[in-house]
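Student: Below you'll find data.pdb; it's PDB, C-alpha atoms.
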ATOM      1  CA  MET A 122      42.799 -27.351  -1.426  1.00  0.00           C
ATOM      2  CA  LYS A 123      39.183 -28.482  -1.289  1.00  0.00           C
ATOM      3  CA  SER A 124      37.682 -29.833  -4.458  1.00  0.00           C
ATOM      4  CA  LEU A 125      35.144 -27.786  -6.380  1.00  0.00           C
ATOM      5  CA  LYS A 126      32.520 -30.439  -5.658  1.00  0.00           C
ATOM      6  CA  THR A 127      33.110 -30.138  -1.900  1.00  0.00           C
ATOM      7  CA  LEU A 128      32.917 -26.350  -1.993  1.00  0.00           C
ATOM      8  CA  ILE A 129      29.677 -26.469  -3.946  1.00  0.00           C
ATOM      9  CA  ALA A 130      28.186 -28.967  -1.477  1.00  0.00           C
ATOM     10  CA  VAL A 131      29.148 -26.810   1.503  1.00  0.00           C
ATOM     11  CA  GLY A 132      27.723 -23.728  -0.214  1.00  0.00           C
ATOM     12  CA  CYS A 133      24.429 -25.470  -0.850  1.00  0.00           C
ATOM     13  CA  LEU A 134      24.180 -26.578   2.766  1.00  0.00           C
ATOM     14  CA  LEU A 135      24.849 -23.062   4.000  1.00  0.00           C
ATOM     15  CA  ALA A 136      22.255 -21.619   1.651  1.00  0.00           C
ATOM     16  CA  ALA A 137      19.630 -24.159   2.592  1.00  0.00           C
ATOM     17  CA  GLY A 138      20.362 -24.435   6.291  1.00  0.00           C
ATOM     18  CA  SER A 139      18.042 -22.726   8.750  1.00  0.00           C
ATOM     19  CA  SER A 140      19.078 -20.755  11.801  1.00  0.00           C
ATOM     20  CA  LEU A 141      17.745 -23.627  13.906  1.00  0.00           C
ATOM     21  CA  ALA A 142      20.851 -25.668  13.136  1.00  0.00           C
ATOM     22  CA  ALA A 143      23.290 -22.859  13.823  1.00  0.00           C
ATOM     23  CA  GLU A 144      21.823 -21.094  16.851  1.00  0.00           C
ATOM     24  CA  ASN A 145      18.831 -23.103  18.045  1.00  0.00           C
ATOM     25  CA  THR A 146      16.827 -20.062  16.921  1.00  0.00           C
ATOM     26  CA  LEU A 147      13.420 -20.124  15.271  1.00  0.00           C
ATOM     27  CA  ARG A 148      12.910 -17.274  12.803  1.00  0.00           C
ATOM     28  CA  PHE A 149       9.239 -16.325  12.606  1.00  0.00           C
ATOM     29  CA  GLY A 150       7.994 -14.354   9.588  1.00  0.00           C
ATOM     30  CA  LEU A 151       5.160 -11.897  10.159  1.00  0.00           C
ATOM     31  CA  GLU A 152       3.485  -8.692   9.045  1.00  0.00           C
ATOM     32  CA  ALA A 153       3.524  -6.314  12.024  1.00  0.00           C
ATOM     33  CA  LEU A 154       0.528  -4.248  10.902  1.00  0.00           C
ATOM     34  CA  TYR A 155      -2.440  -6.235  12.191  1.00  0.00           C
ATOM     35  CA  PRO A 156      -3.295  -5.528  15.849  1.00  0.00           C
ATOM     36  CA  PRO A 157      -4.094  -7.234  18.167  1.00  0.00           C
ATOM     37  CA  PHE A 158      -2.382 -10.172  16.449  1.00  0.00           C
ATOM     38  CA  GLU A 159       0.899  -8.415  15.681  1.00  0.00           C
ATOM     39  CA  SER A 160       1.922  -4.772  15.621  1.00  0.00           C
ATOM     40  CA  LYS A 161       4.544  -2.389  17.002  1.00  0.00           C
ATOM     41  CA  SER A 162       4.414  -0.241  20.102  1.00  0.00           C
ATOM     42  CA  ALA A 163       5.314   3.442  20.038  1.00  0.00           C
ATOM     43  CA  SER A 164       8.877   2.439  20.875  1.00  0.00           C
ATOM     44  CA  GLY A 165       9.025   0.035  17.930  1.00  0.00           C
ATOM     45  CA  LYS A 166       8.745  -3.166  19.976  1.00  0.00           C
ATOM     46  CA  LEU A 167       6.744  -6.038  18.497  1.00  0.00           C
ATOM     47  CA  GLU A 168       3.614  -6.854  20.473  1.00  0.00           C
ATOM     48  CA  GLY A 169       0.342  -8.750  20.199  1.00  0.00           C
ATOM     49  CA  PHE A 170      -1.293 -12.156  20.519  1.00  0.00           C
ATOM     50  CA  ASP A 171       0.905 -13.923  17.969  1.00  0.00           C
ATOM     51  CA  ILE A 172       4.086 -12.427  19.435  1.00  0.00           C
ATOM     52  CA  ASP A 173       3.254 -13.717  22.923  1.00  0.00           C
ATOM     53  CA  LEU A 174       2.094 -17.030  21.460  1.00  0.00           C
ATOM     54  CA  GLY A 175       5.310 -17.404  19.456  1.00  0.00           C
ATOM     55  CA  ASN A 176       7.454 -16.697  22.505  1.00  0.00           C
ATOM     56  CA  ALA A 177       5.482 -19.243  24.554  1.00  0.00           C
ATOM     57  CA  VAL A 178       5.859 -21.915  21.848  1.00  0.00           C
ATOM     58  CA  CYS A 179       9.585 -21.196  21.532  1.00  0.00           C
ATOM     59  CA  ALA A 180      10.000 -21.544  25.290  1.00  0.00           C
ATOM     60  CA  ALA A 181       8.129 -24.862  25.275  1.00  0.00           C
ATOM     61  CA  ALA A 182      10.289 -26.084  22.359  1.00  0.00           C
ATOM     62  CA  GLN A 183      13.480 -24.788  24.008  1.00  0.00           C
ATOM     63  CA  LEU A 184      14.147 -22.461  21.103  1.00  0.00           C
ATOM     64  CA  LYS A 185      14.986 -18.786  20.872  1.00  0.00           C
ATOM     65  CA  CYS A 186      12.536 -16.650  18.859  1.00  0.00           C
ATOM     66  CA  SER A 187      13.557 -14.073  16.298  1.00  0.00           C
ATOM     67  CA  TRP A 188      11.294 -12.101  13.976  1.00  0.00           C
ATOM     68  CA  VAL A 189      11.442 -11.190  10.293  1.00  0.00           C
ATOM     69  CA  GLU A 190       8.961  -8.645   8.948  1.00  0.00           C
ATOM     70  CA  THR A 191       7.415  -8.603   5.474  1.00  0.00           C
ATOM     71  CA  SER A 192       4.049  -7.824   3.907  1.00  0.00           C
ATOM     72  CA  PHE A 193       1.321 -10.426   4.388  1.00  0.00           C
ATOM     73  CA  ASP A 194       1.099 -11.336   0.707  1.00  0.00           C
ATOM     74  CA  SER A 195       4.898 -11.916   0.657  1.00  0.00           C
ATOM     75  CA  LEU A 196       4.957 -14.315   3.617  1.00  0.00           C
ATOM     76  CA  ILE A 197       4.597 -17.573   1.678  1.00  0.00           C
ATOM     77  CA  PRO A 198       7.147 -16.661  -1.042  1.00  0.00           C
ATOM     78  CA  ALA A 199       9.591 -15.471   1.641  1.00  0.00           C
ATOM     79  CA  LEU A 200       9.145 -18.703   3.623  1.00  0.00           C
ATOM     80  CA  LYS A 201       9.827 -20.789   0.524  1.00  0.00           C
ATOM     81  CA  ALA A 202      12.898 -18.616  -0.161  1.00  0.00           C
ATOM     82  CA  ARG A 203      14.189 -19.512   3.350  1.00  0.00           C
ATOM     83  CA  LYS A 204      14.149 -15.957   4.650  1.00  0.00           C
ATOM     84  CA  PHE A 205      12.692 -17.398   7.859  1.00  0.00           C
ATOM     85  CA  ASP A 206      11.654 -20.782   9.265  1.00  0.00           C
ATOM     86  CA  ALA A 207       7.930 -20.426   9.984  1.00  0.00           C
ATOM     87  CA  ILE A 208       5.029 -18.032   9.399  1.00  0.00           C
ATOM     88  CA  ASN A 209       3.421 -16.690  12.570  1.00  0.00           C
ATOM     89  CA  SER A 210       1.027 -13.994  11.353  1.00  0.00           C
ATOM     90  CA  ALA A 211      -2.611 -14.995  11.974  1.00  0.00           C
ATOM     91  CA  MET A 212      -2.566 -17.158   8.845  1.00  0.00           C
ATOM     92  CA  ASN A 213      -5.520 -19.499   8.414  1.00  0.00           C
ATOM     93  CA  VAL A 214      -4.972 -23.018   7.118  1.00  0.00           C
ATOM     94  CA  THR A 215      -6.708 -23.392   3.756  1.00  0.00           C
ATOM     95  CA  ASP A 216      -6.612 -25.933   0.938  1.00  0.00           C
ATOM     96  CA  GLN A 217      -5.214 -23.284  -1.393  1.00  0.00           C
ATOM     97  CA  ARG A 218      -2.313 -22.473   0.926  1.00  0.00           C
ATOM     98  CA  ARG A 219      -1.630 -26.165   1.542  1.00  0.00           C
ATOM     99  CA  GLN A 220      -0.734 -26.434  -2.137  1.00  0.00           C
ATOM    100  CA  ALA A 221       2.260 -24.166  -1.505  1.00  0.00           C
ATOM    101  CA  ILE A 222       3.307 -24.833   2.103  1.00  0.00           C
ATOM    102  CA  ASP A 223       2.701 -27.083   5.095  1.00  0.00           C
ATOM    103  CA  PHE A 224       1.223 -26.140   8.479  1.00  0.00           C
ATOM    104  CA  THR A 225       1.439 -27.136  12.112  1.00  0.00           C
ATOM    105  CA  ASP A 226      -1.718 -28.257  13.880  1.00  0.00           C
ATOM    106  CA  SER A 227      -4.279 -25.446  14.146  1.00  0.00           C
ATOM    107  CA  ILE A 228      -3.784 -23.385  17.300  1.00  0.00           C
ATOM    108  CA  TYR A 229      -6.813 -21.085  17.418  1.00  0.00           C
ATOM    109  CA  GLN A 230      -9.718 -19.845  15.288  1.00  0.00           C
ATOM    110  CA  VAL A 231     -11.542 -16.498  15.111  1.00  0.00           C
ATOM    111  CA  PRO A 232     -14.649 -15.225  13.250  1.00  0.00           C
ATOM    112  CA  ASN A 233     -14.515 -12.934  10.208  1.00  0.00           C
ATOM    113  CA  ARG A 234     -16.917  -9.987  10.217  1.00  0.00           C
ATOM    114  CA  LEU A 235     -17.894  -6.951   8.171  1.00  0.00           C
ATOM    115  CA  ILE A 236     -17.369  -3.415   9.507  1.00  0.00           C
ATOM    116  CA  ALA A 237     -19.496  -0.558   8.166  1.00  0.00           C
ATOM    117  CA  LYS A 238     -21.310   2.541   9.405  1.00  0.00           C
ATOM    118  CA  ALA A 239     -23.573   1.429  12.237  1.00  0.00           C
ATOM    119  CA  ASP A 240     -26.602   2.994  10.558  1.00  0.00           C
ATOM    120  CA  SER A 241     -25.721   1.899   7.004  1.00  0.00           C
ATOM    121  CA  GLY A 242     -28.115  -1.028   6.918  1.00  0.00           C
ATOM    122  CA  LEU A 243     -25.436  -3.092   5.176  1.00  0.00           C
ATOM    123  CA  LEU A 244     -25.128  -6.835   5.694  1.00  0.00           C
ATOM    124  CA  PRO A 245     -22.322  -9.252   4.737  1.00  0.00           C
ATOM    125  CA  ASP A 246     -24.005 -10.641   1.637  1.00  0.00           C
ATOM    126  CA  ALA A 247     -23.761  -9.927  -2.075  1.00  0.00           C
ATOM    127  CA  LYS A 248     -27.275  -8.506  -2.395  1.00  0.00           C
ATOM    128  CA  SER A 249     -26.723  -5.917   0.326  1.00  0.00           C
ATOM    129  CA  LEU A 250     -23.212  -4.992  -0.870  1.00  0.00           C
ATOM    130  CA  ALA A 251     -23.924  -4.778  -4.614  1.00  0.00           C
ATOM    131  CA  GLY A 252     -22.436  -1.571  -5.983  1.00  0.00           C
ATOM    132  CA  LYS A 253     -20.526  -0.925  -2.739  1.00  0.00           C
ATOM    133  CA  HIS A 254     -16.760  -0.739  -2.152  1.00  0.00           C
ATOM    134  CA  VAL A 255     -15.405  -3.305   0.322  1.00  0.00           C
ATOM    135  CA  GLY A 256     -11.799  -3.263   1.532  1.00  0.00           C
ATOM    136  CA  VAL A 257      -9.785  -6.405   2.269  1.00  0.00           C
ATOM    137  CA  LEU A 258      -6.180  -7.235   3.124  1.00  0.00           C
ATOM    138  CA  GLN A 259      -4.217  -8.349   0.073  1.00  0.00           C
ATOM    139  CA  GLY A 260      -3.373 -12.060   0.139  1.00  0.00           C
ATOM    140  CA  SER A 261      -5.830 -12.774   2.964  1.00  0.00           C
ATOM    141  CA  ILE A 262      -8.690 -15.244   3.241  1.00  0.00           C
ATOM    142  CA  GLN A 263     -11.005 -12.247   3.514  1.00  0.00           C
ATOM    143  CA  GLU A 264      -9.861 -11.179   0.038  1.00  0.00           C
ATOM    144  CA  THR A 265     -10.425 -14.701  -1.319  1.00  0.00           C
ATOM    145  CA  TYR A 266     -13.876 -14.881   0.277  1.00  0.00           C
ATOM    146  CA  ALA A 267     -14.992 -11.470  -0.991  1.00  0.00           C
ATOM    147  CA  LYS A 268     -13.765 -12.123  -4.521  1.00  0.00           C
ATOM    148  CA  ALA A 269     -15.469 -15.526  -4.613  1.00  0.00           C
ATOM    149  CA  HIS A 270     -18.814 -14.618  -3.028  1.00  0.00           C
ATOM    150  CA  TRP A 271     -19.290 -10.897  -3.634  1.00  0.00           C
ATOM    151  CA  ALA A 272     -17.270  -9.631  -6.606  1.00  0.00           C
ATOM    152  CA  PRO A 273     -19.205 -11.731  -9.187  1.00  0.00           C
ATOM    153  CA  GLN A 274     -22.428 -10.102  -7.910  1.00  0.00           C
ATOM    154  CA  GLY A 275     -21.298  -6.515  -8.517  1.00  0.00           C
ATOM    155  CA  VAL A 276     -19.395  -5.732  -5.313  1.00  0.00           C
ATOM    156  CA  ASP A 277     -16.184  -3.714  -5.786  1.00  0.00           C
ATOM    157  CA  VAL A 278     -13.576  -5.583  -3.726  1.00  0.00           C
ATOM    158  CA  VAL A 279     -10.580  -3.329  -3.033  1.00  0.00           C
ATOM    159  CA  SER A 280      -7.342  -4.986  -1.858  1.00  0.00           C
ATOM    160  CA  TYR A 281      -4.837  -3.258   0.422  1.00  0.00           C
ATOM    161  CA  GLN A 282      -1.316  -4.260   1.372  1.00  0.00           C
ATOM    162  CA  ASP A 283      -1.951  -2.721   4.808  1.00  0.00           C
ATOM    163  CA  GLN A 284      -5.264  -3.144   6.676  1.00  0.00           C
ATOM    164  CA  ASN A 285      -4.728   0.249   8.330  1.00  0.00           C
ATOM    165  CA  GLN A 286      -5.022   1.882   4.900  1.00  0.00           C
ATOM    166  CA  ALA A 287      -8.404   0.221   4.492  1.00  0.00           C
ATOM    167  CA  TYR A 288      -9.504   1.767   7.789  1.00  0.00           C
ATOM    168  CA  LEU A 289      -8.331   5.198   6.599  1.00  0.00           C
ATOM    169  CA  ASP A 290     -10.312   4.862   3.376  1.00  0.00           C
ATOM    170  CA  LEU A 291     -13.331   3.659   5.336  1.00  0.00           C
ATOM    171  CA  THR A 292     -13.337   6.761   7.561  1.00  0.00           C
ATOM    172  CA  ALA A 293     -12.711   8.990   4.515  1.00  0.00           C
ATOM    173  CA  GLY A 294     -15.763   7.537   2.750  1.00  0.00           C
ATOM    174  CA  ARG A 295     -13.815   5.887  -0.052  1.00  0.00           C
ATOM    175  CA  LEU A 296     -14.944   2.484   1.222  1.00  0.00           C
ATOM    176  CA  ASP A 297     -18.377   1.393   2.391  1.00  0.00           C
ATOM    177  CA  ALA A 298     -17.134  -1.554   4.460  1.00  0.00           C
ATOM    178  CA  THR A 299     -14.189  -3.792   5.244  1.00  0.00           C
ATOM    179  CA  LEU A 300     -14.065  -7.521   5.968  1.00  0.00           C
ATOM    180  CA  VAL A 301     -11.655  -8.464   8.763  1.00  0.00           C
ATOM    181  CA  MET A 302     -10.897 -10.931  11.511  1.00  0.00           C
ATOM    182  CA  ALA A 303     -13.172  -9.795  14.343  1.00  0.00           C
ATOM    183  CA  PRO A 304     -10.425  -9.230  16.975  1.00  0.00           C
ATOM    184  CA  SER A 305      -8.435  -7.106  14.543  1.00  0.00           C
ATOM    185  CA  GLY A 306     -11.453  -5.024  13.622  1.00  0.00           C
ATOM    186  CA  GLN A 307     -12.350  -4.474  17.255  1.00  0.00           C
ATOM    187  CA  SER A 308      -8.972  -3.496  18.706  1.00  0.00           C
ATOM    188  CA  GLY A 309      -7.421  -2.118  15.519  1.00  0.00           C
ATOM    189  CA  PHE A 310     -10.303   0.152  14.543  1.00  0.00           C
ATOM    190  CA  LEU A 311     -13.609   0.092  16.451  1.00  0.00           C
ATOM    191  CA  ALA A 312     -11.936   0.688  19.822  1.00  0.00           C
ATOM    192  CA  HIS A 313     -10.225   3.849  18.508  1.00  0.00           C
ATOM    193  CA  PRO A 314     -11.692   7.348  18.005  1.00  0.00           C
ATOM    194  CA  ASP A 315     -11.636   6.888  14.213  1.00  0.00           C
ATOM    195  CA  GLY A 316     -13.970   3.929  14.654  1.00  0.00           C
ATOM    196  CA  LYS A 317     -16.747   6.010  16.201  1.00  0.00           C
ATOM    197  CA  GLY A 318     -19.988   5.516  14.317  1.00  0.00           C
ATOM    198  CA  PHE A 319     -18.816   2.218  12.823  1.00  0.00           C
ATOM    199  CA  ALA A 320     -19.718  -1.305  13.980  1.00  0.00           C
ATOM    200  CA  PHE A 321     -19.737  -4.958  13.061  1.00  0.00           C
ATOM    201  CA  VAL A 322     -22.797  -5.483  10.877  1.00  0.00           C
ATOM    202  CA  GLY A 323     -24.577  -8.791  10.461  1.00  0.00           C
ATOM    203  CA  ASP A 324     -23.228 -12.178  11.498  1.00  0.00           C
ATOM    204  CA  ALA A 325     -19.807 -13.668  10.867  1.00  0.00           C
ATOM    205  CA  VAL A 326     -19.300 -14.912   7.307  1.00  0.00           C
ATOM    206  CA  SER A 327     -18.844 -18.629   6.757  1.00  0.00           C
ATOM    207  CA  ASP A 328     -17.199 -20.854   4.166  1.00  0.00           C
ATOM    208  CA  ASP A 329     -15.010 -23.568   5.656  1.00  0.00           C
ATOM    209  CA  LYS A 330     -13.206 -24.236   2.384  1.00  0.00           C
ATOM    210  CA  ILE A 331     -12.081 -20.622   1.936  1.00  0.00           C
ATOM    211  CA  LEU A 332     -11.882 -19.409   5.522  1.00  0.00           C
ATOM    212  CA  GLY A 333      -9.987 -22.463   6.650  1.00  0.00           C
ATOM    213  CA  GLU A 334      -9.721 -24.749   9.618  1.00  0.00           C
ATOM    214  CA  GLY A 335      -8.041 -22.449  12.105  1.00  0.00           C
ATOM    215  CA  ILE A 336      -4.814 -20.476  12.432  1.00  0.00           C
ATOM    216  CA  ALA A 337      -1.452 -22.248  12.525  1.00  0.00           C
ATOM    217  CA  PHE A 338       2.240 -21.727  11.832  1.00  0.00           C
ATOM    218  CA  GLY A 339       3.171 -22.055   8.150  1.00  0.00           C
ATOM    219  CA  LEU A 340       6.141 -24.284   7.305  1.00  0.00           C
ATOM    220  CA  ARG A 341       8.045 -25.338   4.214  1.00  0.00           C
ATOM    221  CA  LYS A 342       6.957 -28.659   2.787  1.00  0.00           C
ATOM    222  CA  GLY A 343       9.187 -31.475   4.012  1.00  0.00           C
ATOM    223  CA  ASP A 344      10.306 -29.673   7.174  1.00  0.00           C
ATOM    224  CA  ASP A 345       8.938 -32.561   9.234  1.00  0.00           C
ATOM    225  CA  ALA A 346      11.359 -32.357  12.165  1.00  0.00           C
ATOM    226  CA  LEU A 347      10.443 -28.731  12.840  1.00  0.00           C
ATOM    227  CA  LYS A 348       6.751 -29.534  12.384  1.00  0.00           C
ATOM    228  CA  LYS A 349       6.899 -32.236  15.066  1.00  0.00           C
ATOM    229  CA  LYS A 350       8.875 -29.992  17.420  1.00  0.00           C
ATOM    230  CA  LEU A 351       6.369 -27.170  17.085  1.00  0.00           C
ATOM    231  CA  ASN A 352       3.315 -29.441  17.310  1.00  0.00           C
ATOM    232  CA  ASP A 353       4.670 -30.894  20.565  1.00  0.00           C
ATOM    233  CA  ALA A 354       5.206 -27.371  21.891  1.00  0.00           C
ATOM    234  CA  ILE A 355       1.711 -26.296  20.793  1.00  0.00           C
ATOM    235  CA  VAL A 356       0.208 -29.183  22.802  1.00  0.00           C
ATOM    236  CA  LYS A 357       2.158 -27.979  25.854  1.00  0.00           C
ATOM    237  CA  VAL A 358       1.058 -24.341  25.661  1.00  0.00           C
ATOM    238  CA  LYS A 359      -2.563 -25.396  25.141  1.00  0.00           C
ATOM    239  CA  GLN A 360      -2.408 -27.716  28.155  1.00  0.00           C
ATOM    240  CA  GLN A 361      -0.881 -24.909  30.215  1.00  0.00           C
ATOM    241  CA  GLY A 362      -3.842 -22.678  29.357  1.00  0.00           C
ATOM    242  CA  THR A 363      -1.619 -20.159  27.578  1.00  0.00           C
ATOM    243  CA  VAL A 364      -3.722 -19.896  24.408  1.00  0.00           C
ATOM    244  CA  THR A 365      -6.908 -19.321  26.419  1.00  0.00           C
ATOM    245  CA  ALA A 366      -5.224 -16.725  28.637  1.00  0.00           C
ATOM    246  CA  LEU A 367      -3.764 -14.826  25.681  1.00  0.00           C
ATOM    247  CA  ALA A 368      -7.121 -14.873  23.891  1.00  0.00           C
ATOM    248  CA  LYS A 369      -8.785 -13.353  26.957  1.00  0.00           C
ATOM    249  CA  LYS A 370      -6.065 -10.687  27.150  1.00  0.00           C
ATOM    250  CA  TYR A 371      -6.178  -9.648  23.511  1.00  0.00           C
ATOM    251  CA  PHE A 372      -9.625 -10.702  22.228  1.00  0.00           C
ATOM    252  CA  GLY A 373     -11.891 -10.377  25.242  1.00  0.00           C
ATOM    253  CA  ASP A 374     -14.824 -12.798  25.132  1.00  0.00           C
ATOM    254  CA  ILE A 375     -14.279 -14.016  21.557  1.00  0.00           C
ATOM    255  CA  ASP A 376     -14.169 -17.815  21.486  1.00  0.00           C
ATOM    256  CA  VAL A 377     -10.949 -19.004  19.779  1.00  0.00           C
ATOM    257  CA  THR A 378     -11.548 -22.742  20.106  1.00  0.00           C
ATOM    258  CA  VAL A 379     -10.693 -24.624  16.903  1.00  0.00           C
ATOM    259  CA  LYS A 380     -13.980 -26.088  15.671  1.00  0.00           C
TER
END
Mind converting the file's structure to structure tokens?
Tutor:
Amino acid sequence: MKSLKTLIAVGCLLAAGSSLAAENTLRFGLEALYPPFESKSASGKLEGFDIDLGNAVCAAAQLKCSWVETSFDSLIPALKARKFDAINSAMNVTDQRRQAIDFTDSIYQVPNRLIAKADSGLLPDAKSLAGKHVGVLQGSIQETYAKAHWAPQGVDVVSYQDQNQAYLDLTAGRLDATLVMAPSGQSGFLAHPDGKGFAFVGDAVSDDKILGEGIAFGLRKGDDALKKKLNDAIVKVKQQGTVTALAKKYFGDIDVTVK
């Protein structure tokens, strides 16, 4: 009969172990509600830039991809709770997030822009938006930016667990604008019938400290072996032109080069 100490040790290893050790599988965590980065087709199949990117990185790392869905604001807690191995959900690398988790090298970068009625005259600054209602995705850098730069100046920043709900409230007139990643705003809203009459207004917002240094995979602190494996794979897919090709497919002419 095994000793209690041995059983406890085995139990701890099983609880802490990732699927990488057991099946050579990389479990990606994501929120599948943010096209064109990640969403579901009519048949329920995951699709989008980050899905194709994840599959390409897994292939380069000789790993099998699997996917675990959760809300965006739950991704970091779920990663730390070992519900999956890495975050792959258009998450920007920021100093604030680095306090909780680690990241791979940045893979791509996209602008953040304000959507409003095309004839509204609104601009992405506190003076123009004072007294207005602006929707943002809960737990996102857009939320952090809006609360830091606009909320103190009288802008009502409204957080949503689902960006699609923000679009619904925008078309219903309950919001005046929403701040989003430009590719998501274009393909997820402006390119659809509900987006008629709306447009990107003003230039992209900027704040390197809040908006980050590009999008990467989120990892648990200390998971250095996986970090090296993924960074090596990221170099390969960049050299193969995969990131550029996927950006053209999903984002059109938007430049995704990490600055």
Student: Distance table requested - range 266-297 of chain A against range 305-329 of chain A, cut-off 8 Å, all atoms listed in the file: one row per qualifying residue with the closest atom pair and its distance in Å to one decimal, ordered by chain and rising residue number, as a tab-separated table.
Tutor:
residue	atom	partner	partner_atom	distance
A:Tyr266	CA	A:Asp328	CA	7.9
A:Tyr288	CA	A:Phe310	CA	7.0
A:Thr292	CA	A:Asp315	CA	6.9
Student: Those residues with C-alpha atoms, as a CSV table (one decimal), in the coordinates of the input please?
Tutor:
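Written file, result15.csv:
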chain,number,residue,atom,x,y,z
A,266,TYR,CA,-13.9,-14.9,0.3
A,288,TYR,CA,-9.5,1.8,7.8
A,292,THR,CA,-13.3,6.8,7.6
Student: Rank nothing, just name the residue among A:Asn285, A:Ala237, A:His254, A:Ala247 nearest to Pro273 in chain A, using only C-alpha atoms.
Tutor: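 So, comparing all the options, the nearest one is A:Ala247.
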Student: As a check of understanding, name the residues that the PyMOL selection byres ((chain A and resi 274) around 8) selects in the supplied structure, as an MDAnalysis selection string.
Tutor: chainID A and resid 247:248 251 270:273 275:276
Student: Check what the PyMOL selection byres ((chain A and resi 208) around 10) selects in the file above and give those residues as a compact mmCIF listing (two decimals) with C-alpha atoms, keeping the file's coordinate frame.
Tutor:
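Saved file result.txt follows:
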# COMPACT_ATOMS: atom_id res chain seq x y z
CA ARG A 148 12.91 -17.27 12.80
CA PHE A 149 9.24 -16.32 12.61
CA GLY A 150 7.99 -14.35 9.59
CA LEU A 151 5.16 -11.90 10.16
CA GLU A 152 3.48 -8.69 9.04
CA TRP A 188 11.29 -12.10 13.98
CA VAL A 189 11.44 -11.19 10.29
CA PHE A 193 1.32 -10.43 4.39
CA LEU A 196 4.96 -14.32 3.62
CA ILE A 197 4.60 -17.57 1.68
CA ALA A 199 9.59 -15.47 1.64
CA LEU A 200 9.14 -18.70 3.62
CA PHE A 205 12.69 -17.40 7.86
CA ASP A 206 11.65 -20.78 9.26
CA ALA A 207 7.93 -20.43 9.98
CA ASN A 209 3.42 -16.69 12.57
CA SER A 210 1.03 -13.99 11.35
CA ALA A 211 -2.61 -15.00 11.97
CA MET A 212 -2.57 -17.16 8.85
CA PHE A 224 1.22 -26.14 8.48
CA ALA A 337 -1.45 -22.25 12.52
CA PHE A 338 2.24 -21.73 11.83
CA GLY A 339 3.17 -22.06 8.15
CA LEU A 340 6.14 -24.28 7.30
CA ARG A 341 8.04 -25.34 4.21
Student: Applying the PyMOL selection byres ((chain A and resi 170-185) around 9) to the file I just gave you, which residues come out? Please list them as a PDB file with C-alpha atoms, keeping the file's coordinate frame.
Tutor:
ATOM      1  CA  LEU A 141      17.745 -23.627  13.906  1.00  0.00           C
ATOM      2  CA  GLU A 144      21.823 -21.094  16.851  1.00  0.00           C
ATOM      3  CA  ASN A 145      18.831 -23.103  18.045  1.00  0.00           C
ATOM      4  CA  THR A 146      16.827 -20.062  16.921  1.00  0.00           C
ATOM      5  CA  LEU A 147      13.420 -20.124  15.271  1.00  0.00           C
ATOM      6  CA  ARG A 148      12.910 -17.274  12.803  1.00  0.00           C
ATOM      7  CA  PHE A 149       9.239 -16.325  12.606  1.00  0.00           C
ATOM      8  CA  PRO A 156      -3.295  -5.528  15.849  1.00  0.00           C
ATOM      9  CA  PRO A 157      -4.094  -7.234  18.167  1.00  0.00           C
ATOM     10  CA  PHE A 158      -2.382 -10.172  16.449  1.00  0.00           C
ATOM     11  CA  GLU A 159       0.899  -8.415  15.681  1.00  0.00           C
ATOM     12  CA  SER A 160       1.922  -4.772  15.621  1.00  0.00           C
ATOM     13  CA  LEU A 167       6.744  -6.038  18.497  1.00  0.00           C
ATOM     14  CA  GLU A 168       3.614  -6.854  20.473  1.00  0.00           C
ATOM     15  CA  GLY A 169       0.342  -8.750  20.199  1.00  0.00           C
ATOM     16  CA  CYS A 186      12.536 -16.650  18.859  1.00  0.00           C
ATOM     17  CA  SER A 187      13.557 -14.073  16.298  1.00  0.00           C
ATOM     18  CA  ASN A 209       3.421 -16.690  12.570  1.00  0.00           C
ATOM     19  CA  SER A 210       1.027 -13.994  11.353  1.00  0.00           C
ATOM     20  CA  ALA A 211      -2.611 -14.995  11.974  1.00  0.00           C
ATOM     21  CA  LYS A 350       8.875 -29.992  17.420  1.00  0.00           C
ATOM     22  CA  LEU A 351       6.369 -27.170  17.085  1.00  0.00           C
ATOM     23  CA  ASP A 353       4.670 -30.894  20.565  1.00  0.00           C
ATOM     24  CA  ALA A 354       5.206 -27.371  21.891  1.00  0.00           C
ATOM     25  CA  ILE A 355       1.711 -26.296  20.793  1.00  0.00           C
ATOM     26  CA  LYS A 357       2.158 -27.979  25.854  1.00  0.00           C
ATOM     27  CA  VAL A 358       1.058 -24.341  25.661  1.00  0.00           C
ATOM     28  CA  THR A 363      -1.619 -20.159  27.578  1.00  0.00           C
ATOM     29  CA  VAL A 364      -3.722 -19.896  24.408  1.00  0.00           C
ATOM     30  CA  LEU A 367      -3.764 -14.826  25.681  1.00  0.00           C
ATOM     31  CA  ALA A 368      -7.121 -14.873  23.891  1.00  0.00           C
ATOM     32  CA  LYS A 370      -6.065 -10.687  27.150  1.00  0.00           C
ATOM     33  CA  TYR A 371      -6.178  -9.648  23.511  1.00  0.00           C
ATOM     34  CA  PHE A 372      -9.625 -10.702  22.228  1.00  0.00           C
TER      35      PHE A 372
END
Student: Taking all atoms listed in the file into account, name the residue in A:Asn213, A:Ser249, A:Thr365, A:Ser195 that is nearest to Pro232 in chain A.
Tutor: A:Asn213
Student: Separation of CA of Ile228 in chain A and CA of Val379 in chain A, in Å?
Tutor: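 CA of Ile228 in chain A sits 7.0 Å away from CA of Val379 in chain A.
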Student: Would you please work out which residue, of A:Thr225, A:Thr378, A:Ser241, A:Thr215, is nearest to Asp344 in chain A when using all atoms listed in the file?
Tutor: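 Under the stated criterion, the closest residue is A:Thr225.
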